[in-house]
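Undergrad: You'll find structure_27.txt just under this line, and it carries compact mmCIF, C-alpha atoms and all ligand atoms.
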# COMPACT_ATOMS: atom_id res chain seq x y z
CA MET A 1 30.55 28.90 -8.36
CA ASN A 2 31.13 28.00 -4.74
CA GLU A 3 33.47 24.99 -4.89
CA SER A 4 31.90 23.29 -1.92
CA LYS A 5 28.34 23.29 -3.27
CA TYR A 6 27.25 20.22 -5.18
CA VAL A 7 25.23 20.95 -8.33
CA TYR A 8 22.39 18.45 -8.07
CA LEU A 9 20.65 17.98 -11.43
CA ASP A 10 18.93 14.66 -10.79
CA TYR A 11 15.55 15.77 -9.43
CA ALA A 12 13.72 13.02 -11.35
CA ALA A 13 15.56 10.42 -9.26
CA THR A 14 14.65 12.07 -5.98
CA THR A 15 14.57 15.53 -4.44
CA PRO A 16 15.96 17.01 -1.25
CA MET A 17 13.23 17.87 1.25
CA ASP A 18 12.12 21.48 1.27
CA PRO A 19 13.00 23.22 4.59
CA GLN A 20 9.32 24.15 5.05
CA VAL A 21 8.38 20.49 4.60
CA ILE A 22 11.00 19.44 7.15
CA GLU A 23 9.45 21.89 9.64
CA VAL A 24 6.01 20.33 9.21
CA TYR A 25 7.53 16.85 9.43
CA LYS A 26 9.39 17.64 12.67
CA ASN A 27 6.33 19.18 14.23
CA SER A 28 4.12 16.27 13.22
CA ILE A 29 6.54 13.66 14.58
CA ASN A 30 6.37 15.42 17.94
CA GLU A 31 2.68 16.29 17.97
CA TYR A 32 0.96 13.52 16.05
CA TYR A 33 2.73 10.37 17.18
CA GLY A 34 -0.50 8.65 18.17
CA ASN A 35 -1.89 5.72 16.18
CA SER A 36 -4.70 7.23 14.12
CA SER A 37 -6.82 4.15 14.92
CA SER A 38 -6.58 4.63 18.71
CA LEU A 39 -9.57 5.89 20.65
CA HIS A 40 -7.66 8.10 23.09
CA SER A 41 -6.92 11.74 22.50
CA MET A 42 -3.45 11.22 21.02
CA GLY A 43 -4.92 8.79 18.51
CA GLN A 44 -7.77 11.13 17.70
CA LYS A 45 -5.37 14.01 17.24
CA ALA A 46 -3.46 11.97 14.68
CA ALA A 47 -6.71 10.89 13.03
CA LYS A 48 -7.76 14.53 12.73
CA SER A 49 -4.45 15.46 11.13
CA LEU A 50 -4.95 12.60 8.68
CA VAL A 51 -8.43 13.81 7.73
CA GLU A 52 -7.03 17.28 7.09
CA SER A 53 -4.25 15.82 4.95
CA ARG A 54 -6.71 13.80 2.91
CA GLU A 55 -8.91 16.83 2.42
CA LEU A 56 -6.05 18.99 1.23
CA VAL A 57 -4.71 16.40 -1.23
CA ALA A 58 -8.21 15.88 -2.56
CA SER A 59 -8.70 19.61 -3.09
CA LEU A 60 -5.39 19.84 -4.95
CA ILE A 61 -6.41 17.32 -7.60
CA ASN A 62 -10.16 18.04 -7.51
CA ALA A 63 -11.00 14.68 -5.91
CA GLU A 64 -13.23 13.48 -3.07
CA ARG A 65 -11.57 13.24 0.32
CA ASN A 66 -12.48 9.58 0.76
CA ASP A 67 -10.92 8.65 -2.56
CA ILE A 68 -7.40 9.42 -1.31
CA PHE A 69 -5.42 6.41 -0.02
CA PHE A 70 -1.97 6.81 1.46
CA THR A 71 0.71 4.19 0.79
CA SER A 72 4.43 3.72 1.37
CA SER A 73 5.60 4.78 -2.11
CA GLY A 74 4.91 5.37 -5.76
CA THR A 75 5.90 1.77 -6.34
CA GLU A 76 3.33 0.47 -3.87
CA SER A 77 0.62 2.67 -5.38
CA ASP A 78 1.43 1.40 -8.86
CA ASN A 79 1.40 -2.23 -7.71
CA LEU A 80 -1.85 -1.77 -5.82
CA ALA A 81 -3.47 -0.22 -8.88
CA ILE A 82 -2.31 -2.86 -11.38
CA MET A 83 -2.44 -6.01 -9.27
CA GLY A 84 -5.43 -4.88 -7.22
CA VAL A 85 -7.59 -4.19 -10.27
CA ALA A 86 -6.40 -7.36 -12.04
CA LEU A 87 -7.20 -9.63 -9.09
CA LYS A 88 -10.59 -8.10 -8.40
CA ASN A 89 -11.84 -7.88 -11.98
CA ARG A 90 -10.68 -11.17 -13.40
CA ARG A 91 -14.22 -12.34 -13.96
CA HIS A 92 -14.82 -9.28 -16.17
CA GLY A 93 -11.73 -9.95 -18.30
CA ASN A 94 -8.00 -10.55 -18.32
CA HIS A 95 -6.71 -7.88 -20.68
CA ILE A 96 -4.67 -4.85 -19.60
CA ILE A 97 -3.33 -2.09 -21.84
CA THR A 98 -0.21 -0.19 -20.86
CA SER A 99 2.71 1.43 -22.70
CA SER A 100 6.20 0.27 -23.50
CA ILE A 101 7.79 3.19 -21.62
CA GLU A 102 6.31 2.74 -18.16
CA HIS A 103 8.37 2.87 -14.98
CA HIS A 104 9.44 -0.56 -13.69
CA ALA A 105 6.83 -0.19 -10.93
CA ILE A 106 4.18 -0.68 -13.66
CA GLU A 107 6.14 -2.79 -16.12
CA LYS A 108 7.15 -5.49 -13.64
CA PRO A 109 3.71 -6.18 -12.13
CA CYS A 110 2.33 -6.33 -15.69
CA GLU A 111 4.99 -8.87 -16.63
CA TYR A 112 4.12 -10.88 -13.53
CA LEU A 113 0.45 -10.88 -14.50
CA GLU A 114 1.35 -11.88 -18.04
CA LYS A 115 3.01 -15.03 -16.67
CA ASN A 116 -0.14 -15.72 -14.69
CA GLY A 117 -2.90 -15.79 -17.25
CA PHE A 118 -3.34 -12.13 -18.10
CA GLU A 119 -2.89 -10.61 -21.50
CA ILE A 120 -0.93 -7.39 -21.52
CA THR A 121 -0.67 -5.01 -24.47
CA PHE A 122 2.46 -2.90 -24.22
CA LEU A 123 1.60 -0.12 -26.65
CA PRO A 124 4.51 1.13 -28.73
CA VAL A 125 5.37 4.85 -28.77
CA ASP A 126 6.53 7.19 -31.52
CA LYS A 127 9.99 8.76 -31.68
CA TYR A 128 8.93 11.33 -29.08
CA GLY A 129 7.62 8.73 -26.66
CA LEU A 130 3.93 9.44 -27.32
CA ILE A 131 1.36 6.66 -27.52
CA ASP A 132 -1.11 6.70 -30.40
CA THR A 133 -4.64 7.08 -28.99
CA LYS A 134 -6.20 5.62 -32.15
CA GLN A 135 -4.08 2.52 -31.69
CA LEU A 136 -5.05 2.42 -28.02
CA GLU A 137 -8.71 2.42 -28.94
CA ASP A 138 -8.18 -0.29 -31.57
CA THR A 139 -6.50 -2.50 -28.97
CA ILE A 140 -9.50 -2.49 -26.61
CA THR A 141 -11.45 -5.76 -26.49
CA ASP A 142 -14.41 -6.88 -24.39
CA LYS A 143 -11.85 -8.46 -22.06
CA THR A 144 -10.06 -5.18 -21.34
CA ILE A 145 -10.36 -4.27 -17.65
CA LEU A 146 -7.64 -1.65 -17.21
CA ILE A 147 -5.69 0.98 -19.11
CA SER A 148 -2.54 2.20 -17.35
CA ILE A 149 -0.57 4.95 -19.10
CA MET A 150 1.90 7.18 -17.28
CA PHE A 151 1.19 10.91 -17.07
CA ALA A 152 4.77 11.93 -17.82
CA ASN A 153 7.82 9.83 -18.43
CA ASN A 154 10.58 9.83 -15.84
CA GLU A 155 13.43 9.49 -18.34
CA ILE A 156 12.54 11.61 -21.36
CA GLY A 157 9.90 13.86 -19.77
CA THR A 158 7.27 13.27 -22.47
CA ILE A 159 3.72 14.13 -21.36
CA GLU A 160 1.14 11.64 -22.67
CA PRO A 161 -2.29 12.65 -24.08
CA ILE A 162 -4.01 11.89 -20.76
CA LYS A 163 -7.25 13.73 -21.51
CA GLU A 164 -7.82 11.78 -24.72
CA ILE A 165 -6.96 8.50 -23.00
CA GLY A 166 -9.38 9.30 -20.16
CA THR A 167 -12.15 10.02 -22.64
CA ILE A 168 -11.55 6.75 -24.49
CA ALA A 169 -11.47 4.77 -21.23
CA LYS A 170 -14.72 6.36 -20.07
CA GLU A 171 -16.49 5.73 -23.38
CA HIS A 172 -15.51 2.07 -23.23
CA ASN A 173 -16.23 1.74 -19.54
CA ILE A 174 -12.68 0.71 -18.67
CA ILE A 175 -10.79 1.66 -15.53
CA PHE A 176 -8.03 4.21 -16.25
CA HIS A 177 -4.91 4.40 -14.09
CA THR A 178 -2.07 6.86 -14.52
CA ASP A 179 1.35 6.88 -12.85
CA ALA A 180 1.64 10.59 -12.11
CA VAL A 181 4.74 10.35 -9.91
CA GLN A 182 6.71 12.69 -12.18
CA ALA A 183 3.78 14.94 -13.06
CA LEU A 184 1.92 15.70 -9.83
CA GLY A 185 3.15 18.98 -8.40
CA LYS A 186 4.87 19.93 -11.65
CA ILE A 187 1.96 20.41 -14.02
CA PRO A 188 -1.77 20.94 -13.29
CA ILE A 189 -3.81 17.76 -12.74
CA ASP A 190 -7.59 17.55 -12.32
CA VAL A 191 -8.78 13.95 -12.02
CA ASN A 192 -12.33 14.87 -13.01
CA LYS A 193 -11.52 16.90 -16.09
CA LEU A 194 -9.13 14.18 -17.22
CA ASN A 195 -11.42 11.25 -16.36
CA ILE A 196 -8.74 9.57 -14.29
CA ASP A 197 -9.96 6.70 -12.06
CA LEU A 198 -6.66 5.83 -10.38
CA LEU A 199 -3.59 8.01 -9.91
CA SER A 200 -0.25 7.19 -8.25
CA ALA A 201 2.01 9.76 -6.63
CA SER A 202 5.09 9.81 -4.42
CA ALA A 203 6.30 12.37 -1.86
CA HIS A 204 10.05 12.17 -2.43
CA LYS A 205 9.81 13.36 -6.04
CA ILE A 206 8.30 16.67 -4.90
CA TYR A 207 10.49 17.71 -1.92
CA GLY A 208 8.71 15.44 0.58
CA PRO A 209 10.07 12.47 2.53
CA LYS A 210 11.01 9.12 1.00
CA GLY A 211 8.68 6.23 1.72
CA VAL A 212 5.35 8.06 1.42
CA GLY A 213 2.97 7.65 -1.50
CA MET A 214 -0.64 8.08 -2.50
CA LEU A 215 -3.18 6.31 -4.67
CA TYR A 216 -6.28 8.18 -5.75
CA ILE A 217 -9.16 5.76 -6.31
CA ARG A 218 -12.33 7.14 -7.86
CA ASN A 219 -15.04 5.28 -6.10
CA LYS A 220 -18.41 6.95 -5.98
CA GLY A 221 -20.37 6.05 -9.06
CA ILE A 222 -17.49 4.36 -10.80
CA ARG A 223 -18.70 3.32 -14.20
CA GLU A 224 -21.32 0.56 -13.93
CA GLY A 225 -20.91 0.38 -10.19
CA ARG A 226 -18.29 -2.25 -9.73
CA GLY A 227 -18.16 -0.96 -6.17
CA LYS A 228 -14.87 -1.68 -4.54
CA TYR A 229 -12.98 -2.66 -7.62
CA ILE A 230 -9.58 -3.10 -6.06
CA GLN A 231 -8.32 -6.10 -4.14
CA PRO A 232 -5.89 -5.30 -1.31
CA LEU A 233 -2.40 -6.75 -1.72
CA MET A 234 -1.61 -6.87 1.98
CA TYR A 235 -3.74 -8.16 4.83
CA GLY A 236 -3.68 -6.87 8.40
CA GLY A 237 -5.39 -4.06 10.27
CA GLY A 238 -8.24 -2.15 8.72
CA HIS A 239 -6.44 1.07 7.91
CA GLU A 240 -7.04 3.10 4.76
CA GLY A 241 -10.50 1.75 4.13
CA ASP A 242 -9.36 -1.89 4.50
CA LEU A 243 -7.29 -1.45 1.37
CA ARG A 244 -3.88 -0.83 2.85
CA PRO A 245 -3.21 -2.12 6.36
CA SER A 246 -0.30 -0.97 8.54
CA THR A 247 -0.23 1.88 11.05
CA VAL A 248 -0.62 5.08 9.12
CA ASN A 249 2.48 7.28 8.68
CA VAL A 250 0.74 10.44 9.83
CA PRO A 251 3.87 12.65 10.04
CA GLY A 252 5.13 11.47 6.64
CA ILE A 253 1.71 12.17 5.16
CA SER A 254 1.56 15.68 6.71
CA ALA A 255 4.92 16.38 5.11
CA PHE A 256 3.78 14.97 1.76
CA VAL A 257 0.71 17.18 1.83
CA LYS A 258 2.75 20.26 2.73
CA ALA A 259 5.06 19.42 -0.18
CA LEU A 260 2.11 19.14 -2.55
CA ASP A 261 0.60 22.38 -1.31
CA LEU A 262 3.90 24.22 -1.83
CA ALA A 263 4.33 22.70 -5.27
CA LYS A 264 0.86 23.77 -6.29
CA LYS A 265 1.38 27.34 -5.04
CA GLU A 266 4.71 27.72 -6.81
CA MET A 267 3.64 25.90 -9.97
CA PRO A 268 2.87 28.80 -12.35
CA GLU A 269 6.18 30.54 -11.55
CA GLU A 270 8.20 27.33 -11.50
CA ILE A 271 6.84 26.18 -14.85
CA LYS A 272 8.03 29.46 -16.41
CA ARG A 273 11.40 29.51 -14.67
CA LEU A 274 12.28 25.84 -15.26
CA THR A 275 11.04 25.78 -18.85
CA ALA A 276 13.39 28.68 -19.64
CA LEU A 277 16.34 26.92 -17.98
CA ARG A 278 15.42 23.62 -19.67
CA ASP A 279 15.29 25.19 -23.11
CA LYS A 280 18.53 27.04 -22.49
CA ILE A 281 20.26 23.72 -21.77
CA ILE A 282 18.68 21.96 -24.76
CA HIS A 283 19.59 24.81 -27.07
CA ASN A 284 23.13 25.11 -25.76
CA LEU A 285 23.94 21.39 -25.87
CA THR A 286 22.47 20.64 -29.29
CA GLU A 287 24.13 23.77 -30.76
CA ASN A 288 27.54 23.48 -29.16
CA ILE A 289 28.21 19.75 -29.02
CA ASP A 290 28.56 17.85 -32.28
CA HIS A 291 26.49 14.71 -32.69
CA CYS A 292 24.18 15.60 -29.81
CA PHE A 293 20.39 15.32 -30.11
CA LEU A 294 17.35 15.72 -27.87
CA ASN A 295 15.38 12.69 -26.68
CA GLY A 296 11.65 13.12 -26.04
CA HIS A 297 9.25 15.74 -27.32
CA PRO A 298 10.48 19.33 -27.77
CA THR A 299 7.39 20.90 -26.15
CA LYS A 300 5.13 18.16 -24.75
CA ARG A 301 7.65 17.57 -21.99
CA LEU A 302 8.03 18.23 -18.27
CA PRO A 303 9.38 21.73 -17.55
CA ASN A 304 12.31 20.26 -15.61
CA ASN A 305 13.50 17.49 -17.94
CA VAL A 306 16.37 17.45 -20.43
CA ASN A 307 17.47 14.19 -22.05
CA VAL A 308 20.07 14.15 -24.79
CA SER A 309 22.16 11.54 -26.54
CA ILE A 310 25.79 12.45 -27.06
CA GLN A 311 27.02 10.04 -29.64
CA TYR A 312 30.21 7.96 -29.60
CA ILE A 313 30.72 8.06 -25.84
CA GLU A 314 29.33 6.28 -22.78
CA GLY A 315 26.82 7.89 -20.43
CA GLU A 316 28.53 6.38 -17.38
CA SER A 317 31.82 8.05 -18.18
CA MET A 318 30.11 11.42 -18.55
CA VAL A 319 28.22 10.92 -15.27
CA LEU A 320 31.42 10.05 -13.39
CA ASP A 321 33.43 12.90 -14.92
CA LEU A 322 30.65 15.38 -14.15
CA ASP A 323 30.46 14.06 -10.61
CA PHE A 324 34.18 14.75 -10.28
CA GLU A 325 33.34 18.38 -11.12
CA GLY A 326 30.62 18.39 -8.47
CA ILE A 327 27.64 17.86 -10.78
CA GLY A 328 25.05 15.08 -10.43
CA VAL A 329 23.13 13.87 -13.49
CA SER A 330 21.98 10.46 -14.74
CA THR A 331 22.09 8.27 -17.83
CA GLY A 332 19.91 5.68 -19.54
CA SER A 333 23.01 3.71 -20.30
CA ALA A 334 23.05 0.75 -18.00
CA CYS A 335 26.47 -0.73 -17.60
CA SER A 336 25.73 -0.34 -13.91
CA SER A 337 22.88 -2.82 -14.19
CA LYS A 338 23.59 -6.51 -14.53
CA SER A 339 21.92 -6.91 -17.89
CA LEU A 340 24.03 -4.31 -19.72
CA GLU A 341 20.76 -3.43 -21.41
CA PRO A 342 20.24 0.27 -21.99
CA SER A 343 16.99 1.94 -20.93
CA HIS A 344 13.83 0.28 -22.34
CA VAL A 345 12.40 3.79 -22.77
CA LEU A 346 15.19 4.95 -25.05
CA LEU A 347 14.98 1.74 -27.08
CA ALA A 348 11.18 2.14 -27.32
CA ILE A 349 11.56 5.57 -28.93
CA GLY A 350 13.77 3.95 -31.54
CA LEU A 351 17.26 4.81 -30.36
CA LYS A 352 20.10 2.55 -31.39
CA PRO A 353 21.60 0.85 -28.31
CA GLN A 354 24.85 2.78 -28.74
CA ASP A 355 22.95 6.09 -28.75
CA ALA A 356 21.00 5.04 -25.66
CA HIS A 357 24.34 4.34 -23.98
CA GLY A 358 25.36 7.91 -24.77
CA SER A 359 22.30 9.42 -23.10
CA LEU A 360 22.38 12.02 -20.37
CA ARG A 361 19.37 13.03 -18.26
CA ILE A 362 19.52 16.43 -16.60
CA THR A 363 16.54 17.15 -14.33
CA LEU A 364 16.03 20.49 -12.63
CA GLY A 365 14.13 21.55 -9.54
CA ARG A 366 13.22 24.17 -7.00
CA PHE A 367 16.79 24.77 -5.87
CA THR A 368 18.35 24.87 -9.35
CA THR A 369 19.85 28.25 -10.22
CA GLU A 370 20.92 29.77 -13.52
CA GLU A 371 24.45 29.93 -12.10
CA GLU A 372 24.42 26.15 -11.64
CA ILE A 373 23.23 25.63 -15.19
CA ASN A 374 26.00 27.90 -16.51
CA TYR A 375 28.53 25.90 -14.52
CA PHE A 376 27.20 22.62 -15.97
CA LEU A 377 27.21 24.04 -19.51
CA GLU A 378 30.80 25.12 -19.07
CA LYS A 379 32.01 21.79 -17.64
CA LEU A 380 30.33 19.34 -20.04
CA PRO A 381 31.89 20.17 -23.46
CA PRO A 382 35.54 19.57 -22.42
CA ILE A 383 34.48 16.27 -20.82
CA VAL A 384 32.80 15.21 -24.07
CA GLN A 385 35.86 16.24 -26.04
CA ARG A 386 38.22 14.29 -23.80
CA LEU A 387 36.06 11.15 -23.74
CA ARG A 388 35.65 11.19 -27.51
CA LYS A 389 39.43 11.25 -27.92
CA LEU A 390 39.63 8.10 -25.82
CA SER A 391 36.57 6.40 -27.23
CA PRO A 392 36.84 3.44 -29.60
CA LEU A 393 33.26 4.20 -30.65
CA LYS A 394 34.32 7.30 -32.55
CA GLU A 395 35.76 5.07 -35.26
CA GLU A 396 32.18 4.42 -36.33
CA LYS A 397 31.90 8.06 -37.32
CA SER A 398 31.92 8.32 -41.06
C1 LIG A 401 10.13 7.35 -8.92
C2 LIG A 401 9.01 6.82 -9.72
C3 LIG A 401 8.23 5.75 -9.23
C4 LIG A 401 8.53 5.06 -7.94
O1 LIG A 401 8.23 5.85 -6.81
P1 LIG A 401 8.86 5.44 -5.40
O2 LIG A 401 8.16 6.32 -4.42
O3 LIG A 401 10.33 5.70 -5.48
O4 LIG A 401 8.56 4.00 -5.19
C5 LIG A 401 7.18 5.31 -10.02
N1 LIG A 401 6.91 5.89 -11.20
C6 LIG A 401 7.62 6.90 -11.69
C7 LIG A 401 7.26 7.51 -13.01
C8 LIG A 401 8.71 7.41 -10.97
O5 LIG A 401 9.43 8.40 -11.47
Take the structure from the file and write it as C-alpha cells.
TA:
Amino acid sequence: MNESKYVYLDYAATTPMDPQVIEVYKNSINEYYGNSSSLHSMGQKAAKSLVESRELVASLINAERNDIFFTSSGTESDNLAIMGVALKNRRHGNHIITSSIEHHAIEKPCEYLEKNGFEITFLPVDKYGLIDTKQLEDTITDKTILISIMFANNEIGTIEPIKEIGTIAKEHNIIFHTDAVQALGKIPIDVNKLNIDLLSASAHKIYGPKGVGMLYIRNKGIREGRGKYIQPLMYGGGHEGDLRPSTVNVPGISAFVKALDLAKKEMPEEIKRLTALRDKIIHNLTENIDHCFLNGHPTKRLPNNVNVSIQYIEGESMVLDLDFEGIGVSTGSACSSKSLEPSHVLLAIGLKPQDAHGSLRITLGRFTTEEEINYFLEKLPPIVQRLRKLSPLKEEKS
C-alpha cells in the first residue's frame, strides 16, 4: 500500500468527482455560462444544454423529459416533495406515511409538519430495516395524501420493497415519493415499472458536484388529475416550471447528468465487483472479530454498503484510529453530535444503544480497490483489540 494514498471508504457520505465528470463540468462552465432564461444566443445555448440534460436524465429512469426538475441538493428535493405535496394537498387530507429510518432530509420536514397540524405515521422496520407492506397498507386512511419511503438506506444499505409500495400507493390513489439519493446510479430504477410519482436524487453521491440535485415529478395523468400537485417552497423567477426559482446551474447539471450516464453504463460491472468486495469484508469481519455482527439485510442491500457493530467499543475511537492509519470510514455512534444519541436508524432496527455506538459503516465506490480492502482488513483487528483492552464496556461481557 502506497503510504501517501488515503483509503477513502465513506462513499455514502459523499464521493470524489470522476475525472470525466470534471472535464464536462469545466467545459460547461466555459461554454454554457449564459442564463438559460436569456433570449440571446449565450442564454439559448445554455437552455439547449439544459434540455439535453433533462432528456438524458429522463431516459435513464424511463421518465418524461418535462417531469425532471433540477434543484440544489438531495435535501432540497426531499423538502420540496414532502412540504410541497403537504401544502398543496391539505384539502384532500393531512396524513403522511413515512418510515422510521429516513434520512434527516425527510424526517425533519415530517416532524415540522407534525407540529403544524399534519399527522405523520413513522412506520417501524424489522431487524433488517425493512418496512412491512401489509402494515403500510393497514395504515392508509382516507386522509392519506403521501407515502414517502426511501429506496435504500444510507446507513445500513437496506433496499426497501419499492415495487410493492408503488403498487399499493397506486391502488389507493396516493402520491408515492422515494428518496433515491443512495440508490440512483447504483441499482436499476425505472419510475414507471415501480409506480414512483416523486423521486429525489443528488449529484455528489454519484461522483458529481456537490450542490446539485434532482426531483422527478410524475405529472401527466397523475392519478385523478390533481394537476400541479406540488406547491413551490421558494418564490422568485419562473425557472424549472415555476416550481424552483433561481438561475439554473447549467454546468452543475451537465456534470450531474454525465455522472449519471457513467454510473448507468458501469452499473452491471460495478454491482458485481462491489458486491464481491462487500461480501468479502462482511465475511472477514464477522469471522475474524469476536462479538461483531452485520447490521442491515444480508442480501437486500446496496452493493457498496457494509455496516457492522463491534461490541464493547466506541465507533468514534475506531474511526479516529483508522484515520490515523489513512483509512476513512464512518459510525452511527454520535458522540460528535450534541445529543449523544446514536443513529435513529440503528435504534429502529432494534440495536441496543451501546451496540449502535459500536457501529462502523464502510462504503465502497468506483475507486475502491481490492488492495485497499485488504489494507483495511489488516489494520482494523489490532485497533479493535487495543481499544477493547482500554474499554470499560468490556466488563459487561459475561
Ligand atoms: C446524502 C443524502 C441526502 C442529502 O443529499 P444532499 O445532496 O447532501 O442534500 C438525502 N437522502 C439520503 C438518503 C442521502 O444519503
Undergrad: Produce as an MDAnalysis selection string the set of residues near ligand LIG 401 (chain A), where near means within 9 Å with all atoms listed in the file considered.
TA: chainID A and resid 12:14 72:78 102:106 150:155 179:183 200:205 210:213
Undergrad: Which polymer residues have any atom within 8 Å of an atom of Phe256 in chain A, counting only C-alpha atoms, with same-chain residues fewer than 2 positions away left out, as a PyMOL selection string?
TA: chain A and resi 21+203+208-209+212+252-254+258-260
Undergrad: Using only C-alpha atoms, can you tell me which of A:Val319, A:Val329, A:His283, A:Tyr207 comes closest to Leu262 in chain A?
TA: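 Smallest separation from Leu262 in chain A among the options: A:Tyr207.
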Undergrad: Enter the distance from CA of Val306 in chain A to CA of Leu294 in chain A, in Å, rounded to one decimal.
TA: 7.7 Å
Undergrad: Using only C-alpha atoms, can you tell me which of A:Ala255, A:Ala348, A:Ala276, A:Ile230 comes closest to Tyr25 in chain A?
TA: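 That would be A:Ala255, the residue with the smallest distance to Tyr25 in chain A.
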Undergrad: Looking at all atoms listed in the file, which of A:Ser38, A:Gln231, A:Ser28, A:Gln44 is the one that sits closest to Ile82 in chain A?
TA: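 Once distances to Ile82 in chain A are computed over all atoms listed in the file, the minimum belongs to A:Gln231.
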Undergrad: Work out how far apart CA of Lys186 in chain A and CA of Ile168 in chain A are and give it in Å to one decimal.
TA: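 Interatomic distance here is 24.7 Å.
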Undergrad: Fewer than 4 positions away in the same chain doesn't count, so skip those; otherwise give me all residues within 6 Å of range 121-137 of chain A, counting all atoms listed in the file, as a list of chain:residue names.
TA: A:Ile97, A:Thr98, A:Ser99, A:Ser100, A:Glu160, A:Gly296, A:His297, A:Ile349
Undergrad: Given all atoms listed in the file as the basis, pick out the residue of A:Ile159, A:Val24, A:Leu39, A:Ile29 nearest to Val250 in chain A.
TA: A:Ile29
Undergrad: Of the candidates A:Gly185, A:Gly93, A:Gly117, A:Pro392, which shows the shortest atom-to-atom distance to Gln311 in chain A, using only C-alpha atoms?
TA: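 Distance minimum relative to Gln311 in chain A lands on A:Pro392.
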Undergrad: One decimal, in Å: what's the spacing between CA of Arg278 in chain A and CA of Glu164 in chain A?
TA: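 These atoms are spaced 26.6 Å apart.
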Undergrad: From the set A:Glu372, A:Val248, A:Ser391, A:Thr167, which residue has the shortest atom-to-atom contact distance to Met318 in chain A, counting all atoms listed in the file?
TA: A:Ser391
Undergrad: Around all of range 129-148 of chain A's listed atoms, make the axis-aligned box with 5 Å on each side and tell me centre and edge lengths in Å to one decimal, as JSON.
TA:
{"center_x": -3.4, "center_y": 0.5, "center_z": -24.7, "size_x": 32.0, "size_y": 27.9, "size_z": 24.9}
Undergrad: Within 10 Å of (-8.3, 3.6, 8.2) in the file's own coordinates, which protein, DNA or RNA residues have an atom, counting all atoms listed in the file? List them as a PyMOL selection string.
TA: chain A and resi 36-37+47+50+69-70+237-248
Undergrad: Using only C-alpha atoms, determine which residues lie at most 12 Å from Thr331 in chain A, disregarding the query and same-chain residues fewer than 5 positions distant; provide the list as a JSON list (two decimals) with C-alpha atoms, in the coordinates of the input.
TA:
[["chain", "number", "residue", "atom", "x", "y", "z"],
["A", 9, "LEU", "CA", 20.65, 17.98, -11.43],
["A", 10, "ASP", "CA", 18.93, 14.66, -10.79],
["A", 12, "ALA", "CA", 13.72, 13.02, -11.35],
["A", 13, "ALA", "CA", 15.56, 10.42, -9.26],
["A", 154, "ASN", "CA", 10.58, 9.83, -15.84],
["A", 155, "GLU", "CA", 13.43, 9.49, -18.34],
["A", 156, "ILE", "CA", 12.54, 11.61, -21.36],
["A", 295, "ASN", "CA", 15.38, 12.69, -26.68],
["A", 306, "VAL", "CA", 16.37, 17.45, -20.43],
["A", 307, "ASN", "CA", 17.47, 14.19, -22.05],
["A", 308, "VAL", "CA", 20.07, 14.15, -24.79],
["A", 309, "SER", "CA", 22.16, 11.54, -26.54],
["A", 310, "ILE", "CA", 25.79, 12.45, -27.06],
["A", 313, "ILE", "CA", 30.72, 8.06, -25.84],
["A", 314, "GLU", "CA", 29.33, 6.28, -22.78],
["A", 315, "GLY", "CA", 26.82, 7.89, -20.43],
["A", 316, "GLU", "CA", 28.53, 6.38, -17.38],
["A", 317, "SER", "CA", 31.82, 8.05, -18.18],
["A", 318, "MET", "CA", 30.11, 11.42, -18.55],
["A", 319, "VAL", "CA", 28.22, 10.92, -15.27],
["A", 320, "LEU", "CA", 31.42, 10.05, -13.39],
["A", 322, "LEU", "CA", 30.65, 15.38, -14.15],
["A", 336, "SER", "CA", 25.73, -0.34, -13.91],
["A", 337, "SER", "CA", 22.88, -2.82, -14.19],
["A", 342, "PRO", "CA", 20.24, 0.27, -21.99],
["A", 343, "SER", "CA", 16.99, 1.94, -20.93],
["A", 345, "VAL", "CA", 12.40, 3.79, -22.77],
["A", 346, "LEU", "CA", 15.19, 4.95, -25.05],
["A", 355, "ASP", "CA", 22.95, 6.09, -28.75],
["A", 356, "ALA", "CA", 21.00, 5.04, -25.66],
["A", 357, "HIS", "CA", 24.34, 4.34, -23.98],
["A", 358, "GLY", "CA", 25.36, 7.91, -24.77],
["A", 359, "SER", "CA", 22.30, 9.42, -23.10],
["A", 360, "LEU", "CA", 22.38, 12.02, -20.37],
["A", 361, "ARG", "CA", 19.37, 13.03, -18.26],
["A", 362, "ILE", "CA", 19.52, 16.43, -16.60],
["A", 363, "THR", "CA", 16.54, 17.15, -14.33]]
Undergrad: Could I get range 42-50 of chain A rebuilt with N, CA and C atoms, written as an mmCIF file, in the frame of the given file?
TA:
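The resulting rebuild_21.cif:
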data_model
loop_
_atom_site.group_PDB
_atom_site.id
_atom_site.type_symbol
_atom_site.label_atom_id
_atom_site.label_comp_id
_atom_site.auth_asym_id
_atom_site.auth_seq_id
_atom_site.Cartn_x
_atom_site.Cartn_y
_atom_site.Cartn_z
ATOM 1 N N MET A 42 -4.609 11.150 21.921
ATOM 2 C CA MET A 42 -3.450 11.220 21.020
ATOM 3 C C MET A 42 -3.757 10.562 19.677
ATOM 4 N N GLY A 43 -4.498 9.462 19.745
ATOM 5 C CA GLY A 43 -4.920 8.790 18.510
ATOM 6 C C GLY A 43 -5.851 9.674 17.703
ATOM 7 N N GLN A 44 -6.775 10.298 18.394
ATOM 8 C CA GLN A 44 -7.770 11.130 17.700
ATOM 9 C C GLN A 44 -7.143 12.378 17.085
ATOM 10 N N LYS A 45 -6.097 12.860 17.772
ATOM 11 C CA LYS A 45 -5.370 14.010 17.240
ATOM 12 C C LYS A 45 -4.698 13.644 15.904
ATOM 13 N N ALA A 46 -4.106 12.456 15.912
ATOM 14 C CA ALA A 46 -3.460 11.970 14.680
ATOM 15 C C ALA A 46 -4.504 11.745 13.588
ATOM 16 N N ALA A 47 -5.648 11.169 13.996
ATOM 17 C CA ALA A 47 -6.710 10.890 13.030
ATOM 18 C C ALA A 47 -7.210 12.190 12.403
ATOM 19 N N LYS A 48 -7.284 13.241 13.217
ATOM 20 C CA LYS A 48 -7.760 14.530 12.730
ATOM 21 C C LYS A 48 -6.767 15.115 11.718
ATOM 22 N N SER A 49 -5.489 14.979 12.045
ATOM 23 C CA SER A 49 -4.450 15.460 11.130
ATOM 24 C C SER A 49 -4.558 14.723 9.787
ATOM 25 N N LEU A 50 -4.839 13.419 9.887
ATOM 26 C CA LEU A 50 -4.950 12.600 8.680
ATOM 27 C C LEU A 50 -6.142 13.037 7.820
#
